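Novice: My file is work-v3.csv. It has CSV, C-alpha atoms and all ligand atoms:
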chain,number,residue,atom,x,y,z
A,1315,MET,CA,-34.3,-61.8,-31.6
A,1316,VAL,CA,-31.1,-61.7,-29.4
A,1317,ASN,CA,-27.9,-63.2,-30.8
A,1318,GLY,CA,-25.3,-64.4,-28.5
A,1319,TYR,CA,-23.7,-66.6,-25.9
A,1320,ALA,CA,-24.5,-67.7,-22.4
A,1321,ALA,CA,-21.4,-68.5,-20.4
A,1322,ALA,CA,-21.5,-71.2,-17.7
A,1323,SER,CA,-18.3,-70.1,-15.9
A,1324,LEU,CA,-16.3,-66.9,-15.6
A,1325,ALA,CA,-13.4,-68.5,-17.5
A,1326,GLU,CA,-15.7,-69.3,-20.4
A,1327,ALA,CA,-17.1,-65.8,-20.4
A,1328,LEU,CA,-13.6,-64.2,-20.4
A,1329,GLU,CA,-12.5,-66.5,-23.2
A,1330,ILE,CA,-15.5,-65.4,-25.3
A,1331,ARG,CA,-14.8,-61.8,-24.4
A,1332,SER,CA,-11.2,-62.1,-25.5
A,1333,ASN,CA,-12.1,-63.6,-28.9
A,1334,GLN,CA,-15.4,-62.1,-29.9
A,1335,LYS,CA,-16.9,-58.7,-30.1
A,1336,VAL,CA,-19.8,-59.1,-27.6
A,1337,VAL,CA,-21.8,-56.9,-25.3
A,1338,PRO,CA,-22.0,-58.5,-21.8
A,1339,TYR,CA,-25.2,-58.3,-19.9
A,1340,ALA,CA,-26.9,-59.7,-16.9
A,1341,GLY,CA,-30.4,-58.3,-16.1
A,1342,GLY,CA,-30.7,-56.5,-19.4
A,1343,THR,CA,-32.8,-53.7,-17.8
A,1344,ASP,CA,-30.5,-51.0,-19.2
A,1345,LEU,CA,-29.8,-52.8,-22.5
A,1346,MET,CA,-33.4,-53.5,-23.3
A,1347,VAL,CA,-34.1,-49.8,-23.6
A,1348,GLU,CA,-31.2,-49.3,-26.0
A,1349,ASN,CA,-32.6,-51.6,-28.7
A,1350,ARG,CA,-29.3,-52.2,-30.5
A,1351,SER,CA,-29.3,-54.2,-33.7
A,1352,GLY,CA,-26.5,-56.3,-35.2
A,1353,VAL,CA,-24.9,-56.9,-31.9
A,1354,ASP,CA,-23.9,-60.2,-30.3
A,1355,TYR,CA,-24.6,-60.5,-26.5
A,1356,LEU,CA,-22.9,-62.4,-23.8
A,1357,PHE,CA,-25.2,-63.4,-21.0
A,1358,LEU,CA,-23.6,-63.4,-17.5
A,1359,GLY,CA,-26.6,-64.3,-15.3
A,1360,LYS,CA,-25.8,-68.0,-15.0
A,1361,ILE,CA,-22.2,-67.7,-13.9
A,1362,PRO,CA,-21.9,-69.0,-10.3
A,1363,GLU,CA,-18.7,-66.9,-9.6
A,1364,LEU,CA,-20.7,-63.7,-10.4
A,1365,ARG,CA,-23.8,-64.6,-8.5
A,1366,ASN,CA,-22.4,-64.9,-4.9
A,1367,ILE,CA,-22.0,-62.5,-2.0
A,1368,ASN,CA,-18.9,-63.4,0.1
A,1369,GLU,CA,-16.9,-61.8,2.8
A,1370,ASP,CA,-13.2,-61.7,3.9
A,1371,ASP,CA,-11.4,-59.8,6.6
A,1372,GLU,CA,-11.7,-56.5,4.8
A,1373,TYR,CA,-14.5,-56.6,2.4
A,1374,ILE,CA,-18.1,-57.7,1.6
A,1375,ARG,CA,-17.6,-59.1,-2.0
A,1376,ILE,CA,-20.6,-58.7,-4.2
A,1377,GLY,CA,-20.6,-60.6,-7.5
A,1378,ALA,CA,-21.3,-58.5,-10.5
A,1379,ALA,CA,-24.4,-60.5,-11.5
A,1380,VAL,CA,-25.9,-60.4,-8.0
A,1381,THR,CA,-29.4,-58.8,-8.3
A,1382,PHE,CA,-30.6,-56.0,-6.0
A,1383,THR,CA,-33.3,-58.3,-4.6
A,1384,GLN,CA,-30.7,-61.0,-3.7
A,1385,ALA,CA,-28.6,-58.3,-2.0
A,1386,LEU,CA,-31.6,-57.0,-0.1
A,1387,GLU,CA,-32.2,-60.5,1.3
A,1388,ASP,CA,-28.6,-61.1,2.4
A,1389,LYS,CA,-27.5,-60.3,5.9
A,1390,LYS,CA,-23.9,-59.5,4.9
A,1391,VAL,CA,-24.9,-56.5,2.8
A,1392,PRO,CA,-24.5,-53.3,4.9
A,1393,ALA,CA,-27.6,-51.3,5.9
A,1394,LEU,CA,-26.4,-48.2,3.9
A,1395,MET,CA,-26.3,-50.2,0.7
A,1396,LYS,CA,-29.8,-51.6,1.4
A,1397,GLU,CA,-31.2,-48.1,1.9
A,1398,ALA,CA,-30.2,-47.3,-1.7
A,1399,LEU,CA,-31.4,-50.7,-3.1
A,1400,LYS,CA,-34.8,-50.4,-1.6
A,1401,ARG,CA,-35.3,-47.1,-3.5
A,1402,ILE,CA,-34.4,-48.5,-6.9
A,1403,ALA,CA,-37.4,-48.5,-9.2
A,1404,ALA,CA,-40.0,-51.2,-8.8
A,1405,PRO,CA,-39.7,-54.9,-7.8
A,1406,ALA,CA,-39.4,-56.1,-11.3
A,1407,ILE,CA,-36.3,-54.0,-11.9
A,1408,ARG,CA,-34.8,-54.9,-8.6
A,1409,ASN,CA,-35.4,-58.6,-9.4
A,1410,ALA,CA,-33.4,-58.4,-12.6
A,1411,GLY,CA,-31.1,-55.5,-12.2
A,1412,THR,CA,-27.5,-56.2,-11.1
A,1413,PHE,CA,-24.6,-54.5,-9.5
A,1414,GLY,CA,-22.4,-55.1,-12.5
A,1415,GLY,CA,-25.0,-53.6,-14.8
A,1416,ASN,CA,-25.5,-50.6,-12.6
A,1417,LEU,CA,-21.8,-49.9,-12.9
A,1418,GLY,CA,-21.5,-50.9,-16.6
A,1419,ASN,CA,-24.1,-48.4,-17.6
A,1420,GLY,CA,-21.7,-45.6,-16.6
A,1421,SER,CA,-24.4,-43.4,-15.3
A,1422,ALA,CA,-24.1,-41.0,-12.3
A,1423,LYS,CA,-27.7,-41.8,-11.5
A,1424,ALA,CA,-26.9,-45.4,-10.6
A,1425,ASP,CA,-28.0,-45.9,-7.0
A,1426,SER,CA,-25.7,-48.7,-5.9
A,1427,VAL,CA,-22.7,-46.9,-7.4
A,1428,LEU,CA,-23.4,-43.8,-5.1
A,1429,ILE,CA,-22.9,-46.1,-2.1
A,1430,GLU,CA,-19.8,-47.6,-3.7
A,1431,PHE,CA,-18.3,-44.1,-4.1
A,1432,VAL,CA,-19.0,-42.9,-0.6
A,1433,SER,CA,-17.7,-46.0,1.0
A,1434,ASP,CA,-14.5,-46.2,-1.0
A,1435,ALA,CA,-15.4,-49.5,-2.6
A,1436,ARG,CA,-13.1,-51.2,-5.1
A,1437,LEU,CA,-13.8,-53.3,-8.1
A,1438,ARG,CA,-12.3,-56.5,-9.3
A,1439,LEU,CA,-12.0,-56.6,-13.0
A,1440,ALA,CA,-10.7,-59.5,-15.0
A,1441,SER,CA,-9.7,-60.4,-18.6
A,1442,ARG,CA,-8.7,-63.9,-19.7
A,1443,ASP,CA,-5.0,-63.2,-18.9
A,1444,LYS,CA,-5.0,-60.8,-16.0
A,1445,GLU,CA,-6.9,-59.4,-13.1
A,1446,ARG,CA,-6.8,-55.9,-11.5
A,1447,ILE,CA,-8.5,-54.0,-8.7
A,1448,VAL,CA,-9.5,-50.4,-9.1
A,1449,ASP,CA,-11.0,-47.8,-6.9
A,1450,VAL,CA,-14.6,-47.1,-8.0
A,1451,ASP,CA,-13.9,-43.4,-8.5
A,1452,LYS,CA,-11.0,-44.2,-10.8
A,1453,PHE,CA,-13.2,-46.6,-12.8
A,1454,TYR,CA,-15.5,-43.7,-13.8
A,1455,LEU,CA,-13.6,-41.6,-16.4
A,1456,GLY,CA,-16.5,-39.4,-17.4
A,1457,ARG,CA,-20.1,-39.6,-18.6
A,1458,LYS,CA,-20.6,-43.2,-19.8
A,1459,LYS,CA,-16.8,-43.6,-19.9
A,1460,LEU,CA,-15.3,-46.4,-17.9
A,1461,ASP,CA,-11.9,-47.7,-17.3
A,1462,LEU,CA,-12.9,-51.1,-18.7
A,1463,ALA,CA,-11.0,-52.7,-21.6
A,1464,ALA,CA,-12.9,-54.5,-24.4
A,1465,ASP,CA,-11.8,-57.9,-23.1
A,1466,GLU,CA,-12.6,-57.2,-19.5
A,1467,LEU,CA,-15.5,-57.9,-17.2
A,1468,ILE,CA,-16.5,-56.5,-13.9
A,1469,VAL,CA,-16.3,-59.5,-11.5
A,1470,GLU,CA,-16.9,-58.2,-8.0
A,1471,ILE,CA,-17.6,-55.1,-5.9
A,1472,LEU,CA,-15.5,-54.9,-2.8
A,1473,LEU,CA,-17.3,-53.0,-0.1
A,1474,PRO,CA,-15.4,-52.2,3.1
A,1475,ARG,CA,-16.8,-54.3,6.0
A,1476,THR,CA,-16.5,-51.7,8.7
A,1477,GLY,CA,-17.1,-48.0,9.2
A,1478,LEU,CA,-20.4,-47.8,7.3
A,1479,ASP,CA,-22.8,-47.8,10.2
A,1480,ARG,CA,-23.3,-44.1,10.8
A,1481,TYR,CA,-24.7,-42.7,7.6
A,1482,SER,CA,-27.3,-40.5,5.9
A,1483,TYR,CA,-29.0,-41.5,2.7
A,1484,GLU,CA,-31.5,-39.5,0.7
A,1485,LYS,CA,-33.0,-39.9,-2.8
A,1486,VAL,CA,-35.0,-36.9,-4.0
A,1487,GLY,CA,-37.0,-37.9,-7.1
A,1488,GLY,CA,-40.1,-37.0,-8.9
A,1489,ARG,CA,-42.1,-40.2,-9.5
A,1490,ASN,CA,-40.8,-42.3,-6.7
A,1491,ALA,CA,-40.8,-46.0,-7.6
A,1492,LEU,CA,-40.1,-45.7,-11.2
A,1493,ALA,CA,-38.0,-42.5,-11.2
A,1494,ILE,CA,-34.3,-42.4,-12.1
A,1495,SER,CA,-33.1,-40.3,-9.2
A,1496,ARG,CA,-32.8,-36.5,-9.7
A,1497,VAL,CA,-30.6,-36.0,-6.7
A,1498,SER,CA,-29.3,-38.6,-4.4
A,1499,PHE,CA,-27.0,-38.2,-1.4
A,1500,ALA,CA,-25.0,-40.5,0.8
A,1501,GLY,CA,-22.8,-39.5,3.7
A,1502,ILE,CA,-20.8,-41.5,6.2
A,1503,PHE,CA,-19.5,-40.2,9.5
A,1504,ASP,CA,-17.2,-41.8,12.0
A,1505,GLU,CA,-15.2,-40.7,15.0
A,1506,ARG,CA,-12.7,-42.1,17.4
A,1507,ASP,CA,-11.7,-40.7,20.8
A,1508,GLY,CA,-13.8,-37.6,20.1
A,1509,ARG,CA,-12.1,-36.8,16.8
A,1510,ILE,CA,-13.6,-37.2,13.3
A,1511,THR,CA,-12.1,-40.1,11.4
A,1512,LYS,CA,-14.5,-40.1,8.4
A,1513,LEU,CA,-16.8,-37.5,6.9
A,1514,ALA,CA,-17.5,-38.7,3.4
A,1515,ALA,CA,-20.2,-37.1,1.2
A,1516,ALA,CA,-21.3,-38.2,-2.3
A,1517,PHE,CA,-23.9,-36.8,-4.7
A,1518,GLY,CA,-25.5,-38.8,-7.5
A,1519,ALA,CA,-27.5,-37.8,-10.6
A,1520,VAL,CA,-26.3,-34.2,-10.6
A,1521,ALA,CA,-23.2,-34.3,-12.9
A,1522,ASP,CA,-21.4,-36.6,-15.3
A,1523,THR,CA,-20.2,-38.8,-12.6
A,1524,VAL,CA,-20.9,-39.2,-8.9
A,1525,LEU,CA,-19.4,-36.1,-7.1
A,1526,ARG,CA,-17.2,-36.5,-4.1
A,1527,TYR,CA,-14.6,-34.0,-2.9
A,1528,LYS,CA,-12.0,-35.8,-0.8
A,1529,ASP,CA,-9.9,-32.8,-0.2
A,1530,LEU,CA,-12.8,-30.9,1.4
A,1531,GLU,CA,-13.5,-34.0,3.5
A,1532,GLU,CA,-9.9,-34.0,4.7
A,1533,THR,CA,-10.2,-30.5,6.2
A,1534,MET,CA,-12.5,-32.0,8.8
A,1535,LEU,CA,-10.5,-35.1,9.7
A,1536,GLY,CA,-8.9,-35.2,13.1
A,1537,LYS,CA,-11.1,-32.4,14.3
A,1538,THR,CA,-13.4,-32.5,17.4
A,1539,LEU,CA,-17.1,-31.7,16.9
A,1540,ASP,CA,-16.5,-28.2,18.4
A,1541,GLU,CA,-13.7,-27.6,15.9
A,1542,ALA,CA,-15.8,-29.0,13.1
A,1543,ARG,CA,-18.7,-26.7,13.9
A,1544,GLU,CA,-16.3,-23.7,13.7
A,1545,LEU,CA,-15.1,-24.9,10.3
A,1546,LYS,CA,-18.6,-25.7,9.0
A,1547,GLU,CA,-19.3,-22.5,7.1
A,1548,LYS,CA,-16.0,-22.6,5.2
A,1549,TYR,CA,-16.5,-26.3,4.5
A,1550,LEU,CA,-20.0,-25.7,3.0
A,1551,GLU,CA,-18.6,-22.8,1.0
A,1552,GLY,CA,-16.1,-25.2,-0.5
A,1553,TYR,CA,-18.9,-27.4,-1.8
A,1554,ALA,CA,-20.9,-24.4,-3.0
A,1555,GLU,CA,-17.9,-23.2,-5.1
A,1556,ARG,CA,-16.9,-26.6,-6.4
A,1557,MET,CA,-20.2,-28.2,-7.3
A,1558,VAL,CA,-21.0,-27.5,-11.0
A,1559,LEU,CA,-24.2,-29.4,-11.9
A,1560,THR,CA,-25.4,-30.4,-15.3
A,1561,GLN,CA,-28.8,-29.1,-16.5
A,1562,GLY,CA,-31.5,-31.7,-16.2
A,1563,ARG,CA,-35.2,-31.7,-16.3
A,1564,VAL,CA,-35.0,-29.8,-13.1
A,1565,SER,CA,-32.8,-26.7,-13.0
A,1566,ALA,CA,-29.2,-26.9,-11.9
A,1567,GLU,CA,-29.7,-24.1,-9.4
A,1568,TYR,CA,-32.6,-25.9,-7.7
A,1569,ARG,CA,-30.7,-29.2,-7.5
A,1570,LYS,CA,-27.6,-27.5,-6.1
A,1571,LYS,CA,-29.8,-26.0,-3.4
A,1572,VAL,CA,-31.1,-29.5,-2.6
A,1573,CYS,CA,-27.6,-30.9,-2.5
A,1574,MET,CA,-26.4,-28.2,-0.1
A,1575,ASN,CA,-29.5,-28.8,2.1
A,1576,LEU,CA,-28.8,-32.6,2.2
A,1577,LEU,CA,-25.2,-32.0,3.1
A,1578,GLY,CA,-26.2,-29.6,5.9
A,1579,ASP,CA,-28.7,-32.1,7.2
A,1580,PHE,CA,-26.0,-34.8,7.2
A,1581,LEU,CA,-23.6,-32.6,9.2
A,1582,ALA,CA,-26.4,-31.7,11.7
A,1583,LYS,CA,-27.3,-35.3,12.2
A,1584,PHE,CA,-23.9,-36.0,13.6
A,1585,GLY,CA,-23.7,-32.8,15.7
A,1586,ILE,CA,-21.8,-30.6,13.3
A,1601,LIG,C1,-38.0,-48.6,-15.5
A,1601,LIG,C2,-36.5,-48.6,-15.0
A,1601,LIG,C3,-36.3,-48.0,-13.8
A,1601,LIG,C4,-35.0,-47.9,-13.3
A,1601,LIG,N1,-34.7,-47.3,-12.1
A,1601,LIG,C5,-33.5,-47.3,-11.6
A,1601,LIG,C6,-33.2,-46.7,-10.3
A,1601,LIG,O1,-34.1,-46.3,-9.6
A,1601,LIG,N2,-31.9,-46.7,-9.9
A,1601,LIG,C7,-30.9,-47.2,-10.7
A,1601,LIG,O2,-29.8,-47.1,-10.2
A,1601,LIG,N3,-31.1,-47.7,-11.9
A,1601,LIG,C8,-32.4,-47.8,-12.4
A,1601,LIG,N4,-32.6,-48.3,-13.6
A,1601,LIG,C9,-31.5,-48.8,-14.4
A,1601,LIG,C10,-31.1,-50.3,-14.3
A,1601,LIG,O3,-32.1,-51.1,-13.9
A,1601,LIG,C11,-29.9,-50.5,-13.4
A,1601,LIG,O4,-28.8,-49.7,-13.9
A,1601,LIG,C12,-29.4,-52.0,-13.3
A,1601,LIG,O5,-28.5,-52.1,-12.3
A,1601,LIG,C13,-28.8,-52.5,-14.6
A,1601,LIG,O6,-28.4,-53.9,-14.3
A,1601,LIG,P1,-28.6,-55.0,-15.4
A,1601,LIG,O7,-28.0,-56.2,-14.9
A,1601,LIG,O8,-30.0,-55.0,-15.9
A,1601,LIG,O9,-27.7,-54.3,-16.6
A,1601,LIG,P2,-27.7,-54.8,-18.1
A,1601,LIG,O10,-28.7,-54.1,-18.9
A,1601,LIG,O11,-27.5,-56.2,-18.2
A,1601,LIG,O12,-26.3,-54.1,-18.5
A,1601,LIG,C14,-26.1,-52.7,-18.3
A,1601,LIG,C15,-24.7,-52.3,-18.8
A,1601,LIG,O13,-23.7,-52.9,-18.0
A,1601,LIG,C16,-22.8,-53.7,-18.8
A,1601,LIG,N5,-22.5,-54.9,-18.0
A,1601,LIG,C17,-23.4,-55.6,-17.3
A,1601,LIG,N6,-22.7,-56.5,-16.5
A,1601,LIG,C18,-21.4,-56.3,-16.7
A,1601,LIG,C19,-20.2,-56.9,-16.2
A,1601,LIG,N7,-20.2,-57.9,-15.3
A,1601,LIG,N8,-19.0,-56.5,-16.7
A,1601,LIG,C20,-18.9,-55.4,-17.6
A,1601,LIG,N9,-20.0,-54.8,-18.1
A,1601,LIG,C21,-21.2,-55.3,-17.6
A,1601,LIG,C22,-23.6,-54.0,-20.1
A,1601,LIG,O14,-22.8,-54.3,-21.2
A,1601,LIG,C23,-24.4,-52.8,-20.3
A,1601,LIG,O15,-23.6,-51.8,-20.9
A,1601,LIG,C24,-33.9,-48.4,-14.1
A,1601,LIG,C25,-34.2,-49.1,-15.4
A,1601,LIG,C26,-35.5,-49.1,-15.8
A,1601,LIG,C27,-35.7,-49.8,-17.2
So that I can check it, write out the structure of this file as structure tokens.
Specialist:
Amino acid sequence: MVNGYAAASLAEALEIRSNQKVVPYAGGTDLMVENRSGVDYLFLGKIPELRNINEDDEYIRIGAAVTFTQALEDKKVPALMKEALKRIAAPAIRNAGTFGGNLGNGSAKADSVLIEFVSDARLRLASRDKERIVDVDKFYLGRKKLDLAADELIVEILLPRTGLDRYSYEKVGGRNALAISRVSFAGIFDERDGRITKLAAAFGAVADTVLRYKDLEETMLGKTLDEARELKEKYLEGYAERMVLTQGRVSAEYRKKVCMNLLGDFLAKFGI
């Protein structure tokens, strides 16, 4: 039996969160496997402000209680995000699982979070008395550690509207539909006037948080493709040195090799 509250508005949810010790949830697909007892829950799935996908000049704004199925059906959601959503588990999980829950679980295996990392997404967090916006990579403090106060909720994911069209996405997993990914990769490339303006690469499910090395990416910015090809070996060496992977069911060495291959394929796809 589940004890708890079901908020009808964001204001009500934040009021409850500020006064009570409650565990928020939306789809419950992560919480159901935890089987906690003696806990009060706060259901977010009926809050209209969290169920919408909107856009402004800069961002596609995805409410925290938007389900993966809902996002897959929405034209505003970029193709790169949809690539990752399509590969999440089976339909039943996609119908219930939400963006806020994927973040709230604090796992580096979370597939929508990988896309948020690679695209420099930001998160809108709120408590009863204040609101703040954080970069998604700052939100993850470590394995299962989030920059989220006890009275806060994740309200929206802010995905940049532009610059996400040229990408690579791969999820290498054992049992496809029901697998939690073993290695996932997303890369975004962009160029203007023959010079690279973006070369972002993120790796999921291989360490305590999603891995992304912005300083290595920066070494390629402003370069022509010819210059980038010359730098390629050094750039790849940088990743090989820096990537320290956690041991999983599959060996760290094997997964690192997979990561390096995925990175190499991404570069090759865009002529580097
Ligand atoms: C069989 C199975 C297969 C799965 N496969 C995948 C997969 O392929 N890829 C993948 O990424 N995930 C997978 N998952 C994990 C899960 O479905 C996702 O992480 C999903 O996004 C969780 O969303 P939810 O709404 O169900 O989260 P919930 O279970 O409701 O919540 C998860 C966590 O987030 C917190 N939370 C939820 N909403 C908020 C909010 N608005 N503010 C603050 N905290 C919040 C909760 O307190 C809880 O700690 C799988 C799960 C199962 C059971």
Novice: Using only C-alpha atoms and all ligand atoms, find each residue of chain A with at least one atom at most 6 Å away from an atom of ligand LIG 1601 (chain A); report its shortest atom-to-atom pair and that distance in Å (one decimal), sort the rows by chain and rising residue number, and return the result as CSV.
Specialist:
residue,atom,partner,partner_atom,distance
A:Val1337,CA,A:LIG1601,O14,5.0
A:Pro1338,CA,A:LIG1601,O14,4.3
A:Tyr1339,CA,A:LIG1601,O11,3.5
A:Ala1340,CA,A:LIG1601,O11,3.8
A:Gly1341,CA,A:LIG1601,O8,3.3
A:Gly1342,CA,A:LIG1601,O10,3.2
A:Thr1343,CA,A:LIG1601,O8,3.6
A:Asp1344,CA,A:LIG1601,O10,3.6
A:Leu1345,CA,A:LIG1601,O10,4.0
A:Ala1378,CA,A:LIG1601,N7,5.0
A:Ile1402,CA,A:LIG1601,O1,3.5
A:Ala1403,CA,A:LIG1601,O1,4.0
A:Ile1407,CA,A:LIG1601,O3,5.5
A:Ala1410,CA,A:LIG1601,O8,5.8
A:Gly1411,CA,A:LIG1601,O6,3.8
A:Thr1412,CA,A:LIG1601,O7,3.8
A:Phe1413,CA,A:LIG1601,O5,5.4
A:Gly1414,CA,A:LIG1601,N6,4.2
A:Gly1415,CA,A:LIG1601,O9,3.3
A:Asn1416,CA,A:LIG1601,O5,3.4
A:Gly1418,CA,A:LIG1601,O13,3.3
A:Asn1419,CA,A:LIG1601,C15,4.1
A:Lys1423,CA,A:LIG1601,O2,5.8
A:Ala1424,CA,A:LIG1601,O2,3.4
A:Asp1425,CA,A:LIG1601,O2,3.9
A:Leu1467,CA,A:LIG1601,N8,3.8
A:Ile1468,CA,A:LIG1601,N8,3.8
A:Val1469,CA,A:LIG1601,N7,5.7
A:Leu1492,CA,A:LIG1601,C3,5.1
A:Ala1493,CA,A:LIG1601,O1,5.7
A:Ile1494,CA,A:LIG1601,O1,4.6
Novice: For Asn1366 in chain A, which residue out of A:Val1524, A:Ala1321, A:Val1336, A:Ala1385 is the nearest one, using all atoms listed in the file?
Specialist: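 Among the listed residues, the smallest separation from Asn1366 in chain A belongs to A:Ala1385.
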Novice: Using all atoms listed in the file, which residue out of A:Asn1409, A:Ala1422, A:Gly1377, A:Lys1459 lies closest to Arg1438 in chain A?
Specialist: A:Gly1377
Novice: Would you please work out which residue, of A:Asp1371, A:Glu1326, A:Asp1579, A:Asp1522, is nearest to Phe1357 in chain A when using only C-alpha atoms?
Specialist: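 Between A:Asp1371, A:Glu1326, A:Asp1579, A:Asp1522, the residue approaching Phe1357 in chain A most closely is A:Glu1326.
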Novice: Would you mind telling me which residue in A:Glu1505, A:Glu1466, A:Glu1397, A:Asp1529 lies nearest to Ile1429 in chain A when using only C-alpha atoms?
Specialist: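 Looking only at the distances to Ile1429 in chain A, the closest residue turns out to be A:Glu1397.
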Novice: I'd like the interatomic distance between CA of Asp1461 in chain A and CA of Ser1441 in chain A, to a tenth of an Å.
Specialist: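 Rounded to one decimal, the two atoms are 13.0 Å apart.
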Novice: Taking all atoms of range 1396-1407 of chain A that the file lists, what box with edges along x, y and z, padded by 5 Å per side, do you get, with centre and edge lengths in Å to one decimal, as lines of an AutoDock Vina configuration file?
Specialist:
center_x = -34.9
center_y = -51.6
center_z = -5.0
size_x = 20.2
size_y = 19.0
size_z = 23.8
Novice: May I have the residues within 9 Å of Phe1503 in chain A as a list of chain:residue names, using only C-alpha atoms and disregarding those fewer than 2 positions away in the same chain?
Specialist: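 My list of contacting residues is A:Gly1477, A:Leu1478, A:Asp1479, A:Arg1480, A:Tyr1481, A:Ser1482, A:Gly1501, A:Glu1505, A:Ile1510, A:Thr1511, A:Lys1512, A:Leu1513, A:Ala1514, A:Ala1515, A:Phe1580, A:Leu1581, A:Phe1584.
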Novice: Point out the residue among A:Asp1507, A:Leu1545, A:Leu1576, A:Thr1523 with the least atom-to-atom distance to Lys1485 in chain A, counting all atoms listed in the file.
Specialist: A:Leu1576
Novice: For each of A:Ala1542, A:Leu1550, A:Leu1386, A:Ala1440, take the minimum atom-to-atom distance to Leu1530 in chain A, counting only C-alpha atoms, then give the residue where this is smallest.
Specialist: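 Residue with the minimum atom-to-atom distance to Leu1530 in chain A: A:Leu1550.
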Novice: Could you list, as a tab-separated table (two decimals) with C-alpha atoms, in the coordinates of the input, every residue within 12 Å of Val1448 in chain A, counting only C-alpha atoms and ignoring same-chain residues fewer than 2 positions away?
Specialist:
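Below you can see result-v8.tsv, which holds the result:
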chain	number	residue	atom	x	y	z
A	1430	GLU	CA	-19.80	-47.60	-3.70
A	1431	PHE	CA	-18.30	-44.10	-4.10
A	1434	ASP	CA	-14.50	-46.20	-1.00
A	1435	ALA	CA	-15.40	-49.50	-2.60
A	1436	ARG	CA	-13.10	-51.20	-5.10
A	1437	LEU	CA	-13.80	-53.30	-8.10
A	1438	ARG	CA	-12.30	-56.50	-9.30
A	1439	LEU	CA	-12.00	-56.60	-13.00
A	1440	ALA	CA	-10.70	-59.50	-15.00
A	1445	GLU	CA	-6.90	-59.40	-13.10
A	1446	ARG	CA	-6.80	-55.90	-11.50
A	1450	VAL	CA	-14.60	-47.10	-8.00
A	1451	ASP	CA	-13.90	-43.40	-8.50
A	1452	LYS	CA	-11.00	-44.20	-10.80
A	1453	PHE	CA	-13.20	-46.60	-12.80
A	1454	TYR	CA	-15.50	-43.70	-13.80
A	1460	LEU	CA	-15.30	-46.40	-17.90
A	1461	ASP	CA	-11.90	-47.70	-17.30
A	1462	LEU	CA	-12.90	-51.10	-18.70
A	1468	ILE	CA	-16.50	-56.50	-13.90
A	1469	VAL	CA	-16.30	-59.50	-11.50
A	1470	GLU	CA	-16.90	-58.20	-8.00
A	1471	ILE	CA	-17.60	-55.10	-5.90
A	1472	LEU	CA	-15.50	-54.90	-2.80
Novice: Counting all atoms listed in the file, I want the residues whose atoms come within 8 Å of (-18.1, -55.5, 0.3) in the file frame, returned as a VMD selection string.
Specialist: chain A and resid 1368 to 1369 1372 to 1376 1391 1435 1471 to 1475
Novice: So that I can check the surroundings of Lys1570 in chain A, please list as a tab-separated table (two decimals) with C-alpha atoms, in the coordinates of the input every protein, DNA and RNA residue that reaches within 9 Å of it, counting all atoms listed in the file and ignoring chain neighbours fewer than 3 positions away.
Specialist:
chain	number	residue	atom	x	y	z
A	1520	VAL	CA	-26.30	-34.20	-10.60
A	1554	ALA	CA	-20.90	-24.40	-3.00
A	1557	MET	CA	-20.20	-28.20	-7.30
A	1558	VAL	CA	-21.00	-27.50	-11.00
A	1559	LEU	CA	-24.20	-29.40	-11.90
A	1565	SER	CA	-32.80	-26.70	-13.00
A	1566	ALA	CA	-29.20	-26.90	-11.90
A	1567	GLU	CA	-29.70	-24.10	-9.40
A	1573	CYS	CA	-27.60	-30.90	-2.50
A	1574	MET	CA	-26.40	-28.20	-0.10
A	1575	ASN	CA	-29.50	-28.80	2.10
Novice: Write out as a ChimeraX atom specification which residues come within 12 Å of Glu1544 in chain A when counting all atoms listed in the file, dropping same-chain ones fewer than 6 positions away.
Specialist: /A:1533-1534,1537-1538,1550,1585-1586
Novice: Kindly give the distance, in Å, that separates CA of Val1353 in chain A and CA of Ala1327 in chain A, rounded to a single decimal.
Specialist: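 We find that CA of Val1353 in chain A and CA of Ala1327 in chain A lie 16.5 Å from each other.
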Novice: For a cutoff of 7 Å around the file-coordinate point (-25.1, -34.0, -6.2), which residues qualify once you count all atoms listed in the file? I'd like the result as a VMD selection string.
Specialist: chain A and resid 1497 to 1499 1516 to 1521 1525 1570 1573
Novice: If you measure from CA of Arg1442 in chain A to CA of Arg1331 in chain A, what distance in Å do you get, rounded to one decimal?
Specialist: 8.0 Å
